[in-house]
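Asks: My structure file target_12.txt, compact mmCIF, C-alpha atoms, is below:
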```txt
# COMPACT_ATOMS: atom_id res chain seq x y z
CA MET D 1 8.31 9.52 13.43
CA ALA D 2 7.49 10.32 9.81
CA THR D 3 8.25 8.30 6.73
CA SER D 4 11.58 9.16 5.13
CA LYS D 5 12.01 10.16 1.50
CA GLU D 6 14.62 7.41 1.17
CA PHE D 7 12.06 4.79 2.22
CA ILE D 8 9.55 6.05 -0.37
CA GLU D 9 12.18 6.11 -3.12
CA LYS D 10 13.31 2.58 -2.31
CA PHE D 11 9.70 1.36 -2.09
CA LEU D 12 8.74 2.87 -5.48
CA GLU D 13 11.84 1.65 -7.30
CA GLY D 14 10.49 -0.39 -10.24
CA LEU D 15 6.87 -0.36 -9.03
CA GLU D 16 5.69 2.68 -10.98
CA LEU D 17 5.76 0.61 -14.17
CA TYR D 18 2.96 -1.50 -12.69
CA GLY D 19 0.55 1.32 -11.86
CA ILE D 20 1.74 1.65 -8.26
CA ARG D 21 2.27 5.14 -6.90
CA VAL D 22 2.19 7.05 -3.64
CA TYR D 23 0.83 10.46 -2.70
CA PRO D 24 1.64 12.43 0.43
CA MET D 25 -1.34 12.90 2.71
CA MET D 26 -1.46 14.29 6.24
CA GLY D 27 2.27 13.81 6.84
CA GLU D 28 2.43 10.23 5.54
CA TYR D 29 1.65 8.51 2.21
CA VAL D 30 -1.30 6.79 0.54
CA VAL D 31 -0.51 3.87 -1.79
CA TYR D 32 -2.46 3.55 -5.05
CA CYS D 33 -2.50 0.72 -7.57
CA ASN D 34 -4.35 1.27 -10.84
CA ASP D 35 -5.94 4.41 -9.32
CA LYS D 36 -7.40 2.48 -6.37
CA THR D 37 -6.37 3.12 -2.77
CA VAL D 38 -4.74 -0.13 -1.58
CA GLY D 39 -2.89 0.97 1.54
CA CYS D 40 -0.64 3.49 3.19
CA ILE D 41 2.91 4.02 4.33
CA CYS D 42 3.31 5.31 7.88
CA ASP D 43 6.50 5.49 9.92
CA ASN D 44 8.47 3.65 7.20
CA ARG D 45 6.05 0.70 7.27
CA LEU D 46 3.69 -0.50 4.53
CA PHE D 47 0.09 -1.30 5.44
CA VAL D 48 -2.48 -2.76 3.01
CA LYS D 49 -6.24 -2.94 3.22
CA ILE D 50 -7.73 -6.09 4.65
CA THR D 51 -9.38 -7.89 1.72
CA PRO D 52 -9.77 -11.54 0.72
CA ALA D 53 -6.76 -11.15 -1.61
CA SER D 54 -4.51 -9.58 1.02
CA GLY D 55 -5.64 -12.26 3.49
CA ARG D 56 -4.39 -14.97 1.11
CA PHE D 57 -1.04 -13.25 0.58
CA LEU D 58 -0.47 -12.19 4.17
CA LYS D 59 -1.77 -15.12 6.18
CA GLY D 60 -0.71 -14.59 9.79
CA ALA D 61 0.44 -11.00 9.24
CA PRO D 62 -0.30 -8.61 12.10
CA GLU D 63 -3.39 -6.42 11.78
CA LEU D 64 -2.49 -2.98 13.11
CA ALA D 65 -3.75 0.58 12.92
CA ALA D 66 -1.24 2.62 10.92
CA TYR D 67 -1.95 5.64 13.13
CA ALA D 68 -4.27 6.54 16.00
CA GLY D 69 -7.91 6.25 14.94
CA ALA D 70 -7.18 4.33 11.72
CA LYS D 71 -8.87 1.09 10.69
CA PRO D 72 -6.68 -1.98 11.14
CA ARG D 73 -4.68 -3.04 8.09
CA TYR D 74 -2.18 -5.77 7.39
CA LEU D 75 1.43 -4.84 8.09
CA VAL D 76 3.56 -5.95 5.13
CA GLU D 77 7.05 -7.01 6.14
CA ASN D 78 8.07 -8.69 2.87
CA THR D 79 9.99 -6.19 0.70
CA ASP D 80 10.45 -8.43 -2.35
CA LYS D 81 9.40 -6.34 -5.37
CA GLU D 82 7.73 -9.21 -7.25
CA PHE D 83 5.71 -10.09 -4.13
CA LEU D 84 4.68 -6.44 -3.63
CA ILE D 85 3.61 -6.05 -7.27
CA GLU D 86 1.47 -9.17 -7.15
CA LEU D 87 0.01 -8.31 -3.72
CA LEU D 88 -0.92 -4.73 -4.59
CA GLN D 89 -2.37 -5.65 -7.98
CA GLU D 90 -4.49 -8.42 -6.44
CA VAL D 91 -5.77 -6.12 -3.70
CA ALA D 92 -6.63 -3.46 -6.31
CA SER D 93 -8.45 -5.96 -8.52
CA GLY D 94 -10.78 -6.83 -5.64
CA LEU D 95 -11.72 -3.23 -4.86
CA PRO D 96 -14.50 -1.21 -6.51
CA ALA D 97 -13.62 1.49 -9.04
CA PRO D 98 -13.04 4.90 -7.49
CA LYS D 99 -16.06 7.22 -7.49
CA LYS D 100 -16.04 9.98 -10.08
CA ARG D 101 -15.60 13.46 -8.63
CA LYS D 102 -17.93 16.22 -9.71
```
Show how you would write the structure in this file as structure tokens.

Replies:
Amino acid sequence: MATSKEFIEKFLEGLELYGIRVYPMMGEYVVYCNDKTVGCICDNRLFVKITPASGRFLKGAPELAAYAGAKPRYLVENTDKEFLIELLQEVASGLPAPKKRK
């Protein structure tokens, strides 16, 4: 099952103003916040990287692989926009800056 366009549109509604965007990749979507990769959307489900910040926000959340062969990530089941903005920004703030491409 692939992620639907409707799910992506609903997810992004109001988030783009906060530096959150998605890009299609290999049939699903990668989630960026402030140009840092913070998670992915697979099969209409949001997964975020496991970091100290995401651990605080998602205490007790299941750690699952988004697809076969993927590293485990937290499954985010809360769809509240304010929660998602705060979560994704906190995760991004704890990640290193992306490497410059040549």

Asks: Please identify all polymer residues within 12 Å of Glu16 in chain D, counting only C-alpha atoms, omitting same-chain residues fewer than 6 positions from it, and present them as a ChimeraX atom specification.

Replies: /D:8-10,22,31-35,81,84-85,88-89

Asks: Write the residues you've just listed into a file as a PDB file, in the frame of the given file, and include C-alpha atoms for each of them.

Replies:
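Output file selection31.pdb is given in full below:
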```
ATOM      1  CA  ILE D   8       9.550   6.050  -0.370  1.00  0.00           C
ATOM      2  CA  GLU D   9      12.180   6.110  -3.120  1.00  0.00           C
ATOM      3  CA  LYS D  10      13.310   2.580  -2.310  1.00  0.00           C
ATOM      4  CA  VAL D  22       2.190   7.050  -3.640  1.00  0.00           C
ATOM      5  CA  VAL D  31      -0.510   3.870  -1.790  1.00  0.00           C
ATOM      6  CA  TYR D  32      -2.460   3.550  -5.050  1.00  0.00           C
ATOM      7  CA  CYS D  33      -2.500   0.720  -7.570  1.00  0.00           C
ATOM      8  CA  ASN D  34      -4.350   1.270 -10.840  1.00  0.00           C
ATOM      9  CA  ASP D  35      -5.940   4.410  -9.320  1.00  0.00           C
ATOM     10  CA  LYS D  81       9.400  -6.340  -5.370  1.00  0.00           C
ATOM     11  CA  LEU D  84       4.680  -6.440  -3.630  1.00  0.00           C
ATOM     12  CA  ILE D  85       3.610  -6.050  -7.270  1.00  0.00           C
ATOM     13  CA  LEU D  88      -0.920  -4.730  -4.590  1.00  0.00           C
ATOM     14  CA  GLN D  89      -2.370  -5.650  -7.980  1.00  0.00           C
TER      15      GLN D  89
END
```

Asks: For a quick check of understanding, using only C-alpha atoms, which of D:Glu6, D:Glu77, D:Asp43, D:Glu28 has the smallest distance to Pro62 in chain D?

Replies: D:Glu77

Asks: Which value, in Å to one decimal, gives the distance between CA of Tyr29 in chain D and CA of Pro52 in chain D?

Replies: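 Answer for the CA of Tyr29 in chain D to CA of Pro52 in chain D separation: 23.1 Å.
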
Asks: What's the 9 Å shell around Pro72 in chain D, counting only C-alpha atoms, without same-chain residues fewer than 4 positions away, as number ranges by chain?

Replies: D: 47, 49-50, 63-66

Asks: Do you know which residues lie at most 12 Å from (-3.7, -12.2, -4.1), with coordinates as in the file and all atoms listed in the file counted, and could you write them as a PyMOL selection string?

Replies: chain D and resi 48+50-59+83-94
